[in-house]
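work.txt follows; it contains compact mmCIF, C-alpha atoms.
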# COMPACT_ATOMS: atom_id res chain seq x y z
CA MET A 1 86.38 137.58 117.29
CA ASP A 2 84.53 137.98 113.97
CA ARG A 3 82.09 135.36 112.77
CA LEU A 4 84.16 134.47 109.68
CA ARG A 5 87.15 133.51 111.82
CA LEU A 6 84.89 131.40 114.03
CA MET A 7 83.48 129.67 110.96
CA GLU A 8 87.00 128.87 109.72
CA THR A 9 87.88 127.36 113.08
CA PHE A 10 84.69 125.28 113.15
CA VAL A 11 85.33 123.92 109.64
CA ARG A 12 88.88 122.89 110.51
CA VAL A 13 87.67 121.15 113.69
CA VAL A 14 85.23 119.12 111.61
CA GLU A 15 87.82 118.32 108.94
CA THR A 16 90.63 117.33 111.31
CA GLY A 17 88.37 115.56 113.78
CA ASN A 18 89.82 117.12 116.92
CA PHE A 19 90.49 120.42 118.67
CA SER A 20 94.16 119.77 119.37
CA ALA A 21 95.10 119.50 115.69
CA VAL A 22 93.47 122.86 114.96
CA ALA A 23 95.19 124.34 118.00
CA ARG A 24 98.56 123.24 116.62
CA GLU A 25 97.75 124.73 113.22
CA SER A 26 96.71 128.02 114.83
CA ARG A 27 99.55 127.99 117.37
CA THR A 28 97.13 128.34 120.23
CA THR A 29 95.61 126.11 122.91
CA GLN A 30 92.96 123.44 122.66
CA SER A 31 90.90 125.40 125.18
CA ALA A 32 91.00 128.50 122.96
CA ILE A 33 89.75 126.52 119.96
CA SER A 34 86.95 125.00 122.05
CA LYS A 35 85.90 128.47 123.20
CA GLN A 36 85.79 129.67 119.59
CA VAL A 37 83.42 126.85 118.65
CA GLN A 38 81.29 127.61 121.71
CA ALA A 39 81.19 131.27 120.68
CA LEU A 40 79.99 130.29 117.21
CA GLU A 41 77.30 128.05 118.72
CA ALA A 42 76.16 131.00 120.81
CA LEU A 43 75.91 133.18 117.69
CA VAL A 44 74.03 130.50 115.73
CA GLY A 45 71.82 129.63 118.67
CA VAL A 46 72.03 125.84 118.43
CA PRO A 47 74.64 123.17 119.34
CA LEU A 48 76.87 122.32 116.37
CA LEU A 49 78.88 119.54 117.99
CA SER A 50 77.81 116.69 120.25
CA ARG A 51 80.64 116.27 122.73
CA SER A 52 81.82 113.37 124.88
CA THR A 53 84.90 113.01 127.08
CA ARG A 54 87.06 111.72 124.21
CA SER A 55 85.35 112.68 120.95
CA HIS A 56 82.80 114.85 119.27
CA SER A 57 80.45 114.54 116.32
CA LEU A 58 78.32 116.89 114.27
CA THR A 59 74.73 117.44 115.30
CA GLU A 60 72.14 117.51 112.54
CA ALA A 61 72.19 121.31 112.66
CA GLY A 62 76.00 121.20 112.76
CA GLN A 63 76.18 119.15 109.55
CA LEU A 64 73.96 121.66 107.75
CA TYR A 65 75.90 124.63 109.12
CA TYR A 66 79.24 123.00 108.20
CA GLU A 67 78.12 122.59 104.57
CA ARG A 68 77.00 126.22 104.40
CA CYS A 69 80.26 127.39 105.99
CA LYS A 70 82.24 125.51 103.34
CA GLN A 71 80.25 127.20 100.59
CA VAL A 72 80.89 130.64 102.10
CA LEU A 73 84.60 130.03 102.68
CA ASP A 74 85.10 128.58 99.20
CA THR A 75 83.39 131.57 97.63
CA LEU A 76 85.52 133.99 99.64
CA GLU A 77 88.69 132.09 98.71
CA GLU A 78 87.81 132.32 95.02
CA ALA A 79 87.15 136.05 95.40
CA ARG A 80 90.51 136.51 97.17
CA ILE A 81 92.31 134.71 94.35
CA GLU A 82 90.55 136.78 91.70
CA VAL A 83 91.35 140.18 93.20
CA HIS A 84 94.90 139.50 94.39
CA ARG A 85 96.52 137.60 91.54
CA ALA A 86 97.50 140.19 88.99
CA ASP A 87 99.32 137.50 87.05
CA ARG A 88 96.17 135.30 86.98
CA GLU A 89 98.02 132.42 88.62
CA ILE A 90 96.04 130.08 90.86
CA SER A 91 97.48 129.62 94.35
CA GLY A 92 96.69 127.86 97.59
CA VAL A 93 96.72 124.28 98.88
CA LEU A 94 94.76 121.51 97.19
CA ARG A 95 94.12 118.40 99.29
CA VAL A 96 93.81 115.32 97.08
CA ALA A 97 93.06 111.70 98.05
CA ALA A 98 93.81 108.74 95.76
CA PRO A 99 94.47 104.99 95.81
CA ALA A 100 98.12 104.33 96.70
CA ALA A 101 99.30 102.71 93.47
CA PHE A 102 97.31 105.07 91.27
CA GLY A 103 98.74 108.09 93.04
CA ARG A 104 102.31 106.85 92.87
CA LEU A 105 102.18 105.73 89.25
CA HIS A 106 99.83 108.23 87.61
CA ILE A 107 99.54 111.38 89.72
CA VAL A 108 103.01 112.02 91.14
CA PRO A 109 104.89 111.56 87.81
CA ARG A 110 102.61 114.16 86.19
CA LEU A 111 103.03 116.79 88.90
CA PRO A 112 106.10 118.47 87.33
CA ALA A 113 104.04 119.26 84.22
CA PHE A 114 101.16 120.41 86.40
CA TYR A 115 103.40 122.71 88.46
CA ALA A 116 104.85 124.15 85.24
CA ARG A 117 101.34 125.45 84.51
CA HIS A 118 100.44 126.38 88.08
CA PRO A 119 103.67 127.11 90.01
CA ARG A 120 101.92 128.75 92.97
CA LEU A 121 99.53 125.88 93.70
CA LYS A 122 100.49 123.35 96.38
CA VAL A 123 99.22 119.74 96.40
CA ASP A 124 98.72 117.74 99.59
CA LEU A 125 98.37 114.16 98.29
CA GLN A 126 96.93 111.52 100.63
CA LEU A 127 97.35 107.94 99.38
CA ASP A 128 95.12 105.18 100.71
CA ASP A 129 93.61 102.13 98.97
CA SER A 130 90.44 102.40 101.07
CA PHE A 131 87.69 104.87 100.14
CA VAL A 132 88.59 108.04 102.04
CA ASP A 133 85.83 110.06 103.69
CA LEU A 134 86.37 113.52 102.23
CA VAL A 135 85.13 115.34 105.33
CA VAL A 136 87.21 113.30 107.77
CA ALA A 137 90.32 113.60 105.58
CA GLY A 138 89.75 117.29 104.91
CA ALA A 139 90.18 116.52 101.19
CA ASP A 140 89.00 118.80 98.40
CA LEU A 141 88.63 115.90 95.98
CA ALA A 142 89.37 112.20 95.63
CA PHE A 143 90.17 109.89 92.72
CA ARG A 144 88.02 106.76 92.80
CA VAL A 145 88.62 103.68 90.64
CA GLY A 146 85.53 101.47 90.43
CA GLU A 147 81.80 101.84 90.75
CA LEU A 148 80.66 104.62 93.08
CA LYS A 149 78.30 103.80 95.92
CA ASP A 150 78.14 106.99 98.01
CA SER A 151 75.05 108.88 96.84
CA ARG A 152 76.07 111.95 98.86
CA LEU A 153 78.94 112.77 96.51
CA VAL A 154 79.12 114.58 93.21
CA ALA A 155 81.34 112.93 90.60
CA ARG A 156 83.06 113.84 87.38
CA ARG A 157 84.07 110.89 85.26
CA ILE A 158 87.49 111.39 83.66
CA GLY A 159 88.18 107.96 82.20
CA ARG A 160 87.88 104.20 82.41
CA ALA A 161 90.62 101.85 83.57
CA HIS A 162 91.11 98.85 81.33
CA ARG A 163 91.83 95.54 83.05
CA ALA A 164 93.50 92.30 81.99
CA THR A 165 94.57 88.89 83.25
CA LEU A 166 98.31 88.98 83.92
CA ALA A 167 101.15 86.63 84.84
CA SER A 168 104.94 86.62 84.70
CA PRO A 169 106.84 84.60 82.06
CA ALA A 170 108.38 82.54 84.88
CA TYR A 171 104.95 81.58 86.23
CA ILE A 172 103.69 80.67 82.75
CA GLU A 173 106.77 78.52 82.11
CA ARG A 174 106.19 76.57 85.34
CA HIS A 175 102.39 76.26 85.27
CA GLY A 176 101.29 76.84 81.68
CA GLU A 177 99.23 79.67 80.23
CA PRO A 178 95.48 79.95 80.90
CA CYS A 179 93.52 80.59 77.71
CA LYS A 180 89.90 80.71 78.91
CA PRO A 181 88.16 81.43 82.25
CA ASP A 182 87.71 77.77 83.24
CA ASP A 183 91.49 77.28 82.91
CA LEU A 184 91.91 79.50 85.98
CA LEU A 185 90.54 76.70 88.17
CA ALA A 186 93.94 75.03 87.80
CA HIS A 187 95.95 78.18 88.59
CA ASN A 188 96.99 80.12 91.66
CA CYS A 189 94.92 83.29 91.44
CA LEU A 190 96.04 86.37 93.36
CA ILE A 191 93.04 87.90 95.09
CA TYR A 192 92.57 91.64 95.50
CA THR A 193 90.21 92.07 98.43
CA GLY A 194 89.19 95.57 97.33
CA LEU A 195 86.84 94.02 94.78
CA ALA A 196 83.23 93.46 95.81
CA THR A 197 83.35 90.02 94.14
CA MET A 198 86.94 89.19 94.97
CA ASN A 199 86.53 85.40 94.50
CA GLU A 200 84.72 85.70 91.19
CA TRP A 201 86.29 87.02 88.01
CA THR A 202 84.02 88.09 85.15
CA TYR A 203 84.95 88.31 81.48
CA LEU A 204 83.49 89.32 78.13
CA ASP A 205 84.44 87.22 75.11
CA THR A 206 84.95 88.51 71.56
CA GLU A 207 81.17 88.51 71.08
CA ASP A 208 80.57 90.38 74.37
CA LYS A 209 79.11 87.30 76.03
CA ALA A 210 79.74 87.24 79.80
CA HIS A 211 81.66 84.45 81.53
CA SER A 212 82.31 84.16 85.28
CA VAL A 213 84.57 81.81 87.18
CA ARG A 214 85.10 81.20 90.90
CA ILE A 215 88.82 81.47 91.58
CA ASP A 216 91.08 80.52 94.48
CA GLY A 217 94.67 81.07 95.50
CA ASN A 218 97.12 81.16 98.37
CA PHE A 219 97.56 84.97 98.51
CA GLN A 220 95.12 87.82 98.98
CA THR A 221 95.68 91.48 99.84
CA ASN A 222 93.98 94.87 99.91
CA SER A 223 96.99 96.46 98.17
CA SER A 224 97.32 96.69 94.39
CA GLU A 225 101.02 97.38 94.93
CA ALA A 226 101.34 93.99 96.66
CA ILE A 227 99.45 92.30 93.82
CA ARG A 228 101.92 93.78 91.34
CA GLU A 229 104.91 92.52 93.31
CA ALA A 230 103.34 89.08 93.66
CA VAL A 231 102.78 88.82 89.90
CA CYS A 232 106.30 90.00 89.12
CA SER A 233 107.66 87.43 91.60
CA GLY A 234 105.92 84.64 89.72
CA LEU A 235 103.50 83.83 92.52
CA GLY A 236 100.34 83.61 90.42
CA VAL A 237 97.81 85.14 88.04
CA SER A 238 96.11 88.50 88.63
CA TYR A 239 92.97 90.27 87.41
CA SER A 240 94.08 93.89 87.51
CA PRO A 241 93.94 97.33 85.89
CA LEU A 242 96.58 97.72 83.18
CA TRP A 243 97.76 100.99 84.69
CA VAL A 244 99.17 99.05 87.64
CA PHE A 245 101.48 97.09 85.32
CA GLY A 246 102.29 99.49 82.48
CA ASP A 247 106.09 99.52 82.99
CA GLU A 248 106.25 95.78 83.71
CA ILE A 249 104.28 94.89 80.56
CA ARG A 250 106.43 97.13 78.36
CA ALA A 251 109.59 95.62 79.85
CA GLY A 252 108.33 92.06 79.36
CA ARG A 253 108.37 91.23 83.07
CA VAL A 254 104.61 90.61 82.95
CA ARG A 255 102.43 89.23 80.14
CA ARG A 256 98.77 89.56 79.30
CA VAL A 257 97.05 86.17 79.06
CA MET A 258 93.53 85.12 78.01
CA THR A 259 93.44 87.99 75.52
CA ASP A 260 90.23 86.68 73.92
CA PHE A 261 88.47 87.28 77.26
CA ARG A 262 88.57 90.81 78.66
CA PRO A 263 87.46 91.93 82.11
CA PRO A 264 84.96 94.82 82.13
CA SER A 265 86.70 98.16 82.49
CA LEU A 266 86.40 100.25 85.67
CA PRO A 267 85.19 103.85 85.77
CA LEU A 268 87.69 106.45 86.95
CA ASN A 269 86.02 109.37 88.72
CA VAL A 270 86.91 112.43 90.70
CA VAL A 271 84.47 113.02 93.55
CA PHE A 272 83.63 116.16 95.54
CA GLN A 273 81.53 117.02 98.54
CA PRO A 274 78.03 118.00 97.37
CA ALA A 275 78.03 121.18 99.46
CA ARG A 276 81.10 122.46 97.67
CA ARG A 277 81.04 124.08 94.26
CA PRO A 278 84.35 123.08 92.63
CA SER A 279 86.79 125.96 93.06
CA LEU A 280 89.16 127.32 90.44
CA LYS A 281 92.06 125.30 91.82
CA ILE A 282 89.97 122.09 91.82
CA ASN A 283 88.83 122.66 88.26
CA CYS A 284 92.31 123.35 86.93
CA PHE A 285 93.66 120.23 88.67
CA VAL A 286 90.89 117.96 87.35
CA ASP A 287 91.07 119.45 83.85
CA PHE A 288 94.82 118.86 83.74
CA PHE A 289 94.55 115.19 84.72
CA ALA A 290 91.56 114.55 82.47
CA GLU A 291 93.64 115.83 79.57
CA ALA A 292 96.66 113.78 80.64
CA PHE A 293 94.66 110.58 81.02
CA SER A 294 93.11 111.06 77.58
CA GLN A 295 96.59 110.38 76.19
CA ASP A 296 97.24 107.33 78.38
CA PRO A 297 96.69 104.04 76.49
CA ASP A 298 95.57 102.30 79.70
CA ILE A 299 92.95 104.92 80.64
CA ALA A 300 90.25 105.71 78.10
CA GLN A 301 88.90 109.21 78.46
CA MET A 302 85.19 109.71 79.07
CA LEU A 303 84.59 113.29 80.13
CA ASP A 304 81.22 114.00 81.63
CA ALA A 305 79.72 115.34 84.83
CA GLU A 306 77.16 113.44 86.82
CA ARG A 307 75.56 113.23 90.22
CA ILE A 308 75.72 109.74 91.71
For the structure just supplied, provide its representation as structure tokens.
Amino acid sequence: MDRLRLMETFVRVVETGNFSAVARESRTTQSAISKQVQALEALVGVPLLSRSTRSHSLTEAGQLYYERCKQVLDTLEEARIEVHRADREISGVLRVAAPAAFGRLHIVPRLPAFYARHPRLKVDLQLDDSFVDLVVAGADLAFRVGELKDSRLVARRIGRAHRATLASPAYIERHGEPCKPDDLLAHNCLIYTGLATMNEWTYLDTEDKAHSVRIDGNFQTNSSEAIREAVCSGLGVSYSPLWVFGDEIRAGRVRRVMTDFRPPSLPLNVVFQPARRPSLKINCFVDFFAEAFSQDPDIAQMLDAERI
């Protein structure tokens, strides 16, 4: 078997995390996939995977070789697209990871317009509110809302998510409307555990002076979808991105409160693996959504590229 095919098998084993998944994809046996990886190790001359009875992990050499394999395969895929698409259409599968609510509300509704431009491109969208490991998920890119902490990634900032303090009219009628941060001490605050400082809400006043308040409440969750439902049900007050509540605010089911005190906005980035030069399909996908978000009143566009 040629080295390129062995490299493709090795990359998929790393991305899926197991031999059996790759065997199912290739319609072969787990033993055959294992032998292919062993054959590649023999060609390279060093172990690429550290194996145990139930799992495997990359060796230091394996991590380096995996990154180089991805570069080679990505380059070959771009070359294939260039020479075979007479109509200049981009094709293939793009694996995208995103927070659940963001994906449902702001990626999926825009896909028809995206497919109108790129009808031969397929999108595999993985929705998860936790930060997805791109290698483990086999993702080409991921949308991240919030400050980035992983220095191994390369990021492109495509906007900032504005936030606000929100409550339903029913809740305000029963409990009154908070007007300043200290008022929140008397309110049931809905806590999103995805925030690093989930029990402390920070605001900037009209003069950009910072104010922080320790909040408490009877409901907390790691799901922004659950926060939205709790606010709409009149359970309490939230400190959330406006894009989570766009339809509810426009329909009057949710109101912004404490408008003289604004939470700091959150950066919206697309992140890539550092070993991978963004391919044509990645670039066209990111460019499309950067353009779309520039027209969204809840997401201010800030186009730039940066290493984090």
Best match for closeness to A:Gly103 among A:Gln126, A:Thr221, A:Ser55, A:Ser212, counting only C-alpha atoms: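 Under the stated criterion, the closest residue is A:Gln126.
Close to (80.1, 129.2, 115.2), meaning no more than 6 Å away when counting all atoms listed in the file, sit the residues Leu6, Met7, Val37, Ala39, Leu40 and Glu41 of chain A.
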Pick from A:Leu141, A:Leu127, A:Val286, A:Ala61 nearest to A:Leu105, counting all atoms listed in the file: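 Closest residue, counting all atoms listed in the file: A:Leu127.
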Interatomic distance (Å, one decimal) between atom CA of A:Ala251 and atom CA of A:Pro169: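 Value for the atom CA of A:Ala251-atom CA of A:Pro169 distance: 11.6 Å.
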For stretch 65-67 of chain A: contacts at 10 Å, all atoms listed in the file, fewer than 4 positions along chain excluded, given as a PyMOL selection string: chain A and resi 7-8+10-12+14-15+44+48+58-61+71-72+273-276
Polymer residues at most 9 Å from stretch 217-220 of chain A, only C-alpha atoms, same-chain spacing of 5 or more positions, as a list in words: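 Those residues are His187, Asn188, Cys189, Leu190, Ile191, Tyr192, Thr193, Ile227, Ala230, Leu235 and Gly236 of chain A.
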Between atom CA of A:Ile172 and atom CA of A:Asp205, distance in Å (one decimal):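 So the two atoms, atom CA of A:Ile172 and atom CA of A:Asp205, lie 21.7 Å apart.
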Straight-line distance linking atom CA of A:Val237 with atom CA of A:Tyr171, stated in Å to one decimal: 8.2 Å
Residue contacts of A:Phe272 (7 Å, all atoms listed in the file) excluding same-chain residues fewer than 2 positions away, as a list in words: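 Surrounding residues, per the criterion: Asp140, Leu141, Ala142, Leu153, Val154, Ala155, Val270 and Pro274 of chain A.
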Residue contacts of stretch 16-19 of chain A (8 Å, all atoms listed in the file) excluding same-chain residues fewer than 5 positions away, as a ChimeraX atom specification: /A:30,33-34,55-56,136-138
